[in-house]
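> Pasting final-v2.cif here (mmCIF, C-alpha atoms):
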```
data_structure
#
loop_
_atom_site.label_atom_id
_atom_site.label_comp_id
_atom_site.auth_asym_id
_atom_site.auth_seq_id
_atom_site.Cartn_x
_atom_site.Cartn_y
_atom_site.Cartn_z
CA MET I 1 12.77 -19.94 -63.80
CA ARG I 2 10.75 -17.63 -61.56
CA LEU I 3 7.09 -17.77 -62.55
CA MET I 4 4.63 -15.06 -61.62
CA ARG I 5 0.95 -14.70 -62.35
CA ALA I 6 0.12 -12.77 -65.51
CA SER I 7 -1.73 -10.09 -63.54
CA THR I 8 1.29 -9.49 -61.29
CA PHE I 9 3.61 -9.46 -64.31
CA ALA I 10 1.47 -6.86 -66.08
CA ARG I 11 1.33 -4.59 -63.00
CA ARG I 12 5.08 -4.86 -62.40
CA TYR I 13 6.38 -4.31 -65.93
CA PHE I 14 3.79 -2.07 -67.63
CA ASP I 15 2.34 1.36 -66.96
CA GLU I 16 -1.35 1.39 -66.12
CA VAL I 17 -2.26 2.87 -69.51
CA ASP I 18 -0.29 0.26 -71.49
CA ARG I 19 -0.96 -2.76 -69.27
CA PRO I 20 -1.94 -5.91 -71.21
CA ASP I 21 -4.77 -8.07 -69.94
CA GLU I 22 -4.38 -11.77 -69.13
CA ARG I 23 -5.69 -12.86 -72.55
CA THR I 24 -2.96 -10.85 -74.27
CA VAL I 25 -0.23 -12.28 -72.04
CA ARG I 26 -1.60 -15.78 -72.65
CA SER I 27 -1.46 -15.14 -76.41
CA TRP I 28 2.16 -13.99 -76.15
CA ILE I 29 3.07 -17.20 -74.32
CA GLU I 30 1.22 -19.42 -76.78
CA ARG I 31 2.93 -17.69 -79.76
CA GLY I 32 6.32 -18.05 -78.09
CA SER I 33 6.90 -14.29 -77.83
CA ILE I 34 7.58 -14.57 -74.09
CA VAL I 35 8.38 -17.49 -71.81
CA GLY I 36 5.65 -18.74 -69.54
CA ARG I 37 3.18 -21.48 -68.77
CA VAL I 38 -0.56 -21.84 -69.25
CA VAL I 39 -1.88 -24.33 -66.70
CA ALA I 40 -5.39 -25.77 -66.84
CA VAL I 41 -6.81 -26.84 -63.49
CA GLY I 42 -10.30 -28.20 -63.99
CA SER I 43 -12.31 -25.50 -65.70
CA LYS I 44 -9.91 -22.74 -64.64
CA THR I 45 -6.82 -21.65 -66.58
CA MET I 46 -3.87 -20.01 -64.84
CA VAL I 47 -1.29 -17.99 -66.80
CA TYR I 48 2.27 -17.57 -65.52
CA VAL I 49 5.21 -15.62 -66.97
CA ASP I 50 8.91 -16.39 -66.49
CA ALA I 51 10.03 -13.06 -64.99
CA GLU I 52 13.74 -13.90 -65.18
CA ALA I 53 13.53 -14.55 -68.94
CA TRP I 54 11.61 -11.29 -69.40
CA GLU I 55 14.23 -9.31 -67.44
CA THR I 56 17.19 -10.74 -69.39
CA PHE I 57 15.60 -10.40 -72.85
CA THR I 58 17.42 -7.77 -74.94
CA GLY I 59 15.61 -8.03 -78.28
CA ASN I 60 18.91 -8.73 -80.04
CA LYS I 61 18.47 -12.25 -81.46
CA LEU I 62 22.16 -13.16 -81.32
CA ALA I 63 22.73 -11.79 -77.81
CA ASP I 64 19.55 -13.45 -76.50
CA ARG I 65 20.52 -16.80 -78.05
CA ILE I 66 24.00 -16.63 -76.50
CA MET I 67 22.63 -15.68 -73.08
CA GLY I 68 19.70 -18.11 -73.33
CA ALA I 69 17.29 -15.27 -72.64
CA GLY I 70 13.73 -14.83 -73.72
CA ARG I 71 12.91 -18.43 -74.64
#
```
Represent the structure of the file as structure tokens.


Amino acid sequence: MRLMRASTFARRYFDEVDRPDERTVRSWIERGSIVGRVVAVGSKTMVYVDAEAWETFTGNKLADRIMGAGR
């Protein structure tokens, strides 16, 4: 699992016009739509995305389950 900050993830994988903000990425993680971690450190919350899972996700439920991708 290669975790990257949500801001880095958004810049790397989305065009500037379509780029989600950190709250959106956090929501995706909390809903289980993408793999990641939300880490609370004191009063600050850090959001990280599993870039490897994102890159191997195909959207085909059977293929993703077989490959262990996405979740």

> For range 31-47 of chain I, I'd like the enclosing box, axis-aligned and padded by 6 Å on every side, reported as JSON with centre and edge lengths in Å to one decimal.


```
{"center_x": -2.0, "center_y": -21.2, "center_z": -71.6, "size_x": 32.7, "size_y": 25.9, "size_z": 28.3}
```

> Within 12 Å of Trp54 in chain I, counting all atoms listed in the file, which residues show up once you throw out same-chain ones fewer than 4 positions away? Write them as a list of chain:residue names, please.

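Surrounding residues, per the criterion: I:Met1, I:Arg2, I:Leu3, I:Met4, I:Phe9, I:Ala10, I:Arg12, I:Tyr13, I:Trp28, I:Ile29, I:Ser33, I:Ile34, I:Val35, I:Gly36, I:Tyr48, I:Val49, I:Asp50, I:Thr58, I:Gly59, I:Asp64, I:Gly68, I:Ala69, I:Gly70, I:Arg71.
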
> Distance CA of Val38 in chain I-CA of Phe57 in chain I, one decimal place?

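It comes out at 20.1 Å.
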
> To one decimal in Å, tell me the separation between CA of Ala63 in chain I and CA of Arg37 in chain I.

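CA of Ala63 in chain I sits 23.6 Å away from CA of Arg37 in chain I.
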
> Got a sec to resolve the PyMOL selection byres ((chain I and resi 46) around 10) on this structure and send the residues as a ChimeraX atom specification?

/I:5-6,22,26,37-41,44-45,47-48

> Just write the chosen residues, C-alpha atoms, as a tab-separated table (two decimals), in the frame of the given file.


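The new file selection-v4.tsv reads:
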```
chain	number	residue	atom	x	y	z
I	5	ARG	CA	0.95	-14.70	-62.35
I	6	ALA	CA	0.12	-12.77	-65.51
I	22	GLU	CA	-4.38	-11.77	-69.13
I	26	ARG	CA	-1.60	-15.78	-72.65
I	37	ARG	CA	3.18	-21.48	-68.77
I	38	VAL	CA	-0.56	-21.84	-69.25
I	39	VAL	CA	-1.88	-24.33	-66.70
I	40	ALA	CA	-5.39	-25.77	-66.84
I	41	VAL	CA	-6.81	-26.84	-63.49
I	44	LYS	CA	-9.91	-22.74	-64.64
I	45	THR	CA	-6.82	-21.65	-66.58
I	47	VAL	CA	-1.29	-17.99	-66.80
I	48	TYR	CA	2.27	-17.57	-65.52
```

> Report, in Å to a single decimal, how far apart CA of Ala51 in chain I and CA of Glu30 in chain I are.

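Result for CA of Glu30 in chain I versus CA of Ala51 in chain I: 16.0 Å, one decimal.
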